[in-house]
Amino acid sequence: MAMKACKACGKEISSDAKICPNCGKDQRNWFAKHKLISGILVLVILAAIGSMTNGSSDKNSTNNTQETTNTATSNKKSEQPKPTPIIVTVDKLKDDLESNALKASEMYKGKYVEVTGKLSNIDSSGEYFNIDPLNDDFALINVQCYITEEQKSIIAELKKGQKVTVVGTITDVGELLGYSIDVESIK
């Protein structure tokens, strides 16, 4: 039989003894005496480590999913053909607006259009130009065409009164000022 010294009184006792028969002192270490608390402590530590590792992999997984989705969306946007524009004149837009502004807004706002009219005003800063109806010299309603930096050189070569066609999306419809369009191309 193997023997060991008691942790408290130092007398020799059996190495299997949990309590010293001489002094009554518990011979087990703290973890052995408190198995339940030790087990819970180990589980808490493992759970904390697991959540830290799992959290970062979830973030990486989420980021990878978002990147894949964004790439797929970008590819879809570049692969999708442009919709066929609604072909309309400024005269027609003006008539529709004067007839029923609400209906005109529902028909044209947010729509991809090809609009033809007469160049009436070119903004000196190059942010926009206006086109008026072809058959009305004193129209109050027009189409305000917002352009990009790249389109400024095209507009710089045009003259008032010249017939112009723009393709783009109507962004605003108002019964007083008419239409606003973000220009994609100028013909």
# chains A, B, ... in the order shown; residues from 1 in each chain; ligands from 1
call {"tool": "select_by_dssp", "arguments": {"residues": "chain A", "states": "strand (DSSP E or B)", "output": "PyMOL selection string"}}
result
chain A and resi 3-5+12-14+19+26+86-89+112-122+128-132+142-146+163-174+178-186
call {"tool": "residues_around", "arguments": {"residues": "stretch 143-160 of chain A", "least_positions_apart": "3", "cutoff": "7 Å", "atoms": "only C-alpha atoms", "output": "number ranges by chain"}}
result
A: 119-121, 126-132, 178-183
call {"tool": "residues_around", "arguments": {"residues": "stretch 169-177 of chain A", "least_positions_apart": "3", "cutoff": "7 Å", "atoms": "only C-alpha atoms", "output": "list in words"}}
result
Leu97, Ala101, Ser105, Tyr108, Lys109, Gly110, Lys111, Tyr112, Val113, Ile141, Asn142, Ser180, Ile181, Asp182 and Val183 of chain A
call {"tool": "residues_around", "arguments": {"residues": "A:Cys6", "least_positions_apart": "3", "cutoff": "8 Å", "atoms": "only C-alpha atoms", "output": "list in words"}}
result
Cys9, Gly10, Lys11, Glu12, Ile13, Cys20, Lys25 and Gln27 of chain A
call {"tool": "residues_around", "arguments": {"residues": "A:Thr89", "least_positions_apart": "3", "cutoff": "7 Å", "atoms": "only C-alpha atoms", "output": "ChimeraX atom specification"}}
result
/A:92-93,115-117
call {"tool": "select_by_dssp", "arguments": {"residues": "stretch 11-56 of chain A", "states": "helix (DSSP H, G or I)", "output": "MDAnalysis selection string"}}
result
chainID A and resid 30:33 35:56
call {"tool": "atom_distance", "arguments": {"atom1": "atom CA of A:Asp16", "atom2": "atom CA of A:Met1"}}
result
9.1 Å
